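Q: I have a structure I would like to understand better, so I am pasting it below and will then ask my questions one at a time.
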Amino acid sequence: MLRVGQHVDISAYEAVISLCVGTGDWRAALKAFERYLEGVRSAGALPPLATFRTLVRGLQKAGQVDAAAAILHIALRGASSSSSSGAAAPSLPVADEQLCSVVLDLCAETGRMTLAETIVDAMHDRGVPAGNVTHCILVKGYGRQRRAHRVDAALRGMRRARVAPDVVTLNAAVDAYVRCGELRRAEQVVRAMEASVLSSSGGGGDSGAVAPNTRTYNTLIKGLGKAGRLDEAFATLEAMAVSGCEADSVTANSLIDACVRCGQLDRAYALLLRSFSVVSGGSSSSSSSIDVSSSGSSSSGGGASRGSIGSSGSSSGSGSSSSGGGLSFAGGAVPSVHAFTAVLSGFADAGDMARALTVLELMERSGVTANLVTYTALLGACVKAGALPEARRLFEGLRAKGQRDPALRPNTITYNTLIVGLCRLAEREEADMRQEWGGEGGVQDRADRDIMAPVCALPSGIQEALKLLLDMKHNGVAASETTINSILDGVVSLTPPRMAEAEAIRQLMTQLGLIPNSVTYSIMIKGYGRVGNLEAARAAFGALLRDPRACPDVVALNSYLDACVRCGDLPAALSTLDAAAQNLAVGSSAAAASSSTSASSGGAGSAGSSAASNNASNSTGSSSAAGSSGASTGSSSGGAGSSGGVDAAVLAAALDVRPNTVSYTTVVLGLARSANVYAGRKAMALYYEMRARGVPPDAVLVDVLLRACCNARARAGALSPQDGRRILADLRALGWDEAVLAEKAEMLSAVVPAISEVWKEGEEGGGGADEQQRQAAREPTASSMLFDKYGWNRIESRFKLF
DNA sequence: CTAGGGTTAG
């Protein structure tokens with residue numbers, strides 16, 4: 001139907017293009033545009049801006065970032081006036097900021113910020129002004145990538161360009177910082193906005209005051225909820241009142257969501273109950289009675305408190321029972337379907353199917369209609385609870401409803417949710433099978449496993465997931481990166497991981513026009529780590545670092561650290577962590593912090609960097625094939641260095657990731673399990689380094705460390721209860737709960753004093769140490785380097801598979 | 001530019 005003739009009138013192209021865009025056929029639109037270009041190019045001209053706009057909008061709708069960027073660049077390059085007259089007047093770009101920002105926003109939403117940067121550069125070169133919208137999109141994009149320092153840089157760049165931020169941009173900044181977990185920064189922006197109003201109203205001048213609005217505060221509430229600061233989230237209502245911002249239903253939803261995030265599900269539920277004074281048949285709802293502890297008292301407060309949204313008692317002292325407080329929502333600030341969905345998925349996460357269903361019921365009684373998101377959350381609840389038959393039934397029900405109401409047709413995320421469930425089912429399936437095999441007359445040895453190996457072909461859950469992928473295609477639902485990643489994670493989480501299948505599925509991704517992202521790489525790294533193939537894990541990590549389309553995140557880093565640890569290459573883990581930790585050196589104390597930590601970390605630091613530089617010389621480009629095509633890491637790439645990990649140069653240049661608590665925990669765990677004499681000291685050094693760099697310890701890390709302190713054998717350098725007590729003292733300084741600390745202290749004191757304790761007497765004072773210990777303390781680097789190289793205890797990879 | 005659903009790390 002779209003056969004475009006060679007000699008069509010120019011204006012016909014425009015009609016064809018907008019027709020194609022209207023029907024969503026972006027390929028045809030592109031093709032028509034190409035012809036159009038050919039037609040006008042001989043005259044040294046370009047299609048008008050309006051045509052570019054139509055086409056780019058179409059590509060935006062279809063999520064075709066690269067095509068949109070290519071088209072934009074044509075517009076930016078402008079008409080090439082190299083026609084008959086040779087070098088003519090400089091061409092003018094057929095692009096304005098608005099057109100650029102459409103593509104930029106697409107980049108921001110798809111995580112393609114490198115591409116966005118090239119566009120911004122091109123805008124600059126072609127003299128297209130970058131105003132608030134452009135800068136705002138950059139802030140948004142980096143925020144979605146959770147790259148706080150890039151957000152900083154974008155805001156600085158804006159100031160340098162002398163563009164005064166407006167509310168929209170500042171709200172974007174607040175949101176970006178919230179997404180990065182940089183709540184302090186977010187608060188700073190909000191406080192600055194508030195202050196700007198005060199100072200300008202005082203001075204009377206029209207200085208760049210930007211007043212916060214409802215969205216500003218709603219975003220802040222979201223952040224406070226994410227940070228677990230529930231009381232402050234509620235207290236924000238007062239700040240809003242002061243600023244003259246009216247709470248709206250988003251405010252109400254955000255507060256309820258904050259309750260959910262902070263684990264106060266009952267409180268969240270109570271707030272829903274009160275906001276909708278459910279007048280229906282009273283006790284007729286008893287079938288779904290929910291034992292929310294405050295439900296009894298809510299009947300008394302229910303009717304009276306429909307006045308305003310103001311909080312009268314945000315005490316909330318002991319968790320859920322005092323939950324509702326005197327707070328309720330009214331007027332335009334009534335929670336909506338979003339709040340119900342948030343509470344529903346809260347119960348879903350807790351694995352509480354029954355209560356999730358109760359929320360659905362309350363919702364219906366309240367006259368709020370569930371949407372696809374709600375049903376998807378319910379589907380997630382089924383999956384979480386392991387109720388696969390129910391999940392399938394719900395899914396089919398949605399399919400049926402979708403016939404009548406297109407809004408309820410399963411979308412990509414709905415499919416993904418079910419796919420995840422099926423993959424989890426597959427794991428269980430295999431676990432059951434292993435149990436069966438393990439029994440009497442089951443699999444006893446390797447030969448037996450060989451016999452059973454064919455049964456290990458992909459379990460039916462995975463097969464069903466793949467069938468759903470096909471189903472998506474037939475129903476015109478686009479698979480996303482997440483779809484494939486979910487299946488990938490499914491095969492990689494099996495025991496043993498099926499790496500051959502994983503590679504095949506990863507290829508599928510490319511075939512579907514999807515771009516492997518950091519999650520994809522992380523999954524592959526995890527899989528190779530689990531099968532004990534460190535070379536392949538390393539190649540995948542290296543490929544991620546040099547893949548211009550992917551943005552490495554901390555999870556990828558942690559996956560790689562875990563792979564190193566699992567495969568027994570602790571030096572590589574240490575050097576990689578060390579390289580990443582350079583990104584933590586911020587602020588004025590950076591130099592002092594880094595020098596003091598490298599001194600205190602002794603062997604760890606120096607061994608690490610030497611391993612890294614070692615590697616730089618011999619493995620440059622060894623895994624180059626994976627460069628742009630993603631993690632095609634096969635098992636072929638063997639030539640990587642023997643220790644140390646990825647090229648130091650690549651690491652330094654591309655590892656724009658700050659290690660977090662998990663990163664340190666992963667390595668500390670490896671050290672704690674190591675039999676190396678210095679591992680214990682390194683673990684402690686790492687703990688202090690982490691603290692010095694502002695990474696907070698968490699319960700898991702402390703647990704790992706303290707357990708190691710208890711298990712320590714009597715040996716110089718091993719962790720001891722004494723080390724444990726130091727950690728506890730440090731945690732006390734951090735303000736950890738005394739009861740928790742006391743419990744841990746007791747655990748430590750229950751340890752039978754080892755000989756190492758005796759050695760440690762007066763260690764701080766310097767005297768009386770064993771000769772061996774003294775030597776270790778004085779020259780840890782040289783000897784531990786050797787140990788790093790040869791002496792580490794290889795952690796046996798338990799899943800050497802069949 | 002703001003609220004709800006899915007995927008990754010110990």
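Chain identifiers are assigned as A, B, and so on, following the order in which chains appear in the structure tokens; residues are numbered from 1 within each chain, and ligands are numbered from 1 in order of appearance.
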With segment 554-569 of chain A as the partner and 12 Å as the cut-off, tabulate the residues of chain B that qualify, each row holding the nearest pair of atoms and their distance in Å to one decimal, using only C-alpha atoms (C1' of nucleotides), sorted by chain and rising number, as a tab-separated table.

A:
residue	atom	partner	partner_atom	distance
B:DT8	C1'	A:Val555	CA	6.1
B:DA9	C1'	A:Val555	CA	4.8
B:DG10	C1'	A:Asp562	CA	8.3

Q: Just N, CA and C atoms (P, O5', C5', C4', C3', O3' and C1' of nucleotides) for this one: save the residues we selected as an mmCIF file, in the first residue's frame.

A:
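Once everything was written out, this is result.cif:
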data_model
loop_
_atom_site.group_PDB
_atom_site.id
_atom_site.type_symbol
_atom_site.label_atom_id
_atom_site.label_comp_id
_atom_site.auth_asym_id
_atom_site.auth_seq_id
_atom_site.Cartn_x
_atom_site.Cartn_y
_atom_site.Cartn_z
ATOM 1 P P DT B 8 15.866 -10.067 39.170
ATOM 2 O "O5'" DT B 8 17.294 -9.422 38.915
ATOM 3 C "C5'" DT B 8 18.126 -9.935 37.884
ATOM 4 C "C4'" DT B 8 19.471 -9.261 37.932
ATOM 5 C "C3'" DT B 8 20.091 -9.207 39.311
ATOM 6 O "O3'" DT B 8 20.838 -10.381 39.516
ATOM 7 C "C1'" DT B 8 20.400 -7.149 38.116
ATOM 8 P P DA B 9 20.911 -10.992 40.981
ATOM 9 O "O5'" DA B 9 22.138 -10.137 41.535
ATOM 10 C "C5'" DA B 9 23.431 -10.308 40.969
ATOM 11 C "C4'" DA B 9 24.438 -9.653 41.881
ATOM 12 C "C3'" DA B 9 24.302 -10.055 43.347
ATOM 13 O "O3'" DA B 9 25.098 -11.205 43.591
ATOM 14 C "C1'" DA B 9 24.483 -7.704 43.144
ATOM 15 P P DG B 10 24.662 -12.240 44.714
ATOM 16 O "O5'" DG B 10 25.335 -11.602 45.995
ATOM 17 C "C5'" DG B 10 26.744 -11.409 46.004
ATOM 18 C "C4'" DG B 10 27.160 -11.114 47.418
ATOM 19 C "C3'" DG B 10 26.773 -12.210 48.415
ATOM 20 O "O3'" DG B 10 27.879 -12.548 49.226
ATOM 21 C "C1'" DG B 10 25.933 -10.102 49.113
#

Q: Name all residues at most 9 Å from Leu705 of chain A (count only C-alpha atoms (C1' of nucleotides); drop same-chain ones fewer than 2 positions away) and give them as a PyMOL selection string.

A: chain A and resi 665+668-669+672+683-684+687+700-703+707-710+719+724+727

Q: Considering only C-alpha atoms (C1' of nucleotides), can you say which of A:Gly78, A:Gly380, A:Pro410, A:Gly44 comes closest to chain B?

A: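 Residue with the minimum atom-to-atom distance to chain B: A:Gly380.
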
Q: Using DSSP assignments from the backbone, pull out every residue in segment 376-535 of chain A that falls under alpha helix (DSSP H) and give it to me as JSON, numbers by chain.

A: {"A": [376, 377, 378, 379, 380, 381, 382, 383, 384, 388, 389, 390, 391, 392, 393, 394, 395, 396, 397, 398, 399, 400, 401, 402, 403, 404, 412, 413, 414, 415, 416, 417, 418, 419, 420, 421, 422, 423, 424, 425, 426, 427, 428, 429, 430, 431, 432, 433, 434, 435, 436, 437, 438, 446, 447, 448, 449, 450, 451, 452, 460, 461, 462, 463, 464, 465, 466, 467, 468, 469, 470, 471, 472, 473, 474, 481, 482, 483, 484, 485, 486, 487, 488, 489, 490, 491, 492, 499, 500, 501, 502, 503, 504, 505, 506, 507, 508, 509, 510, 511, 518, 519, 520, 521, 522, 523, 524, 525, 526, 527, 528, 529, 530, 531, 534, 535]}

Q: Counting only C-alpha atoms (C1' of nucleotides), figure out which residue out of A:Glu187, A:Glu117, A:Asp489, A:Glu396 gets nearest to chain B.

A: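 For chain B, the nearest of the candidates is A:Asp489.
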
Q: Have a look at A:Val420, A:Val751, A:Leu728, A:Leu545 and name the one nearest to DG6 of chain B; count only C-alpha atoms (C1' of nucleotides).

A: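 Counting only C-alpha atoms (C1' of nucleotides), the residue closest to DG6 of chain B is A:Val420.
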
Q: Measuring between only C-alpha atoms (C1' of nucleotides), which one of A:Glu361, A:Asp553, A:Asp737, A:Glu34 shows the shortest distance to chain B?

A: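 Smallest distance to chain B is found for A:Asp553.
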
Q: For segment 519-527 of chain A, find every residue with an atom within 9 Å (counting only C-alpha atoms (C1' of nucleotides)), except residues of its own chain fewer than 2 positions away, and show them as a PyMOL selection string.

A: (chain A and resi 481-482+484-485+488-489+491-493+497-499+502-503+506+516-517+529-534+536-541+543-544+552-553+555-560+562-563+630-631+633) or (chain B and resi 7-9)
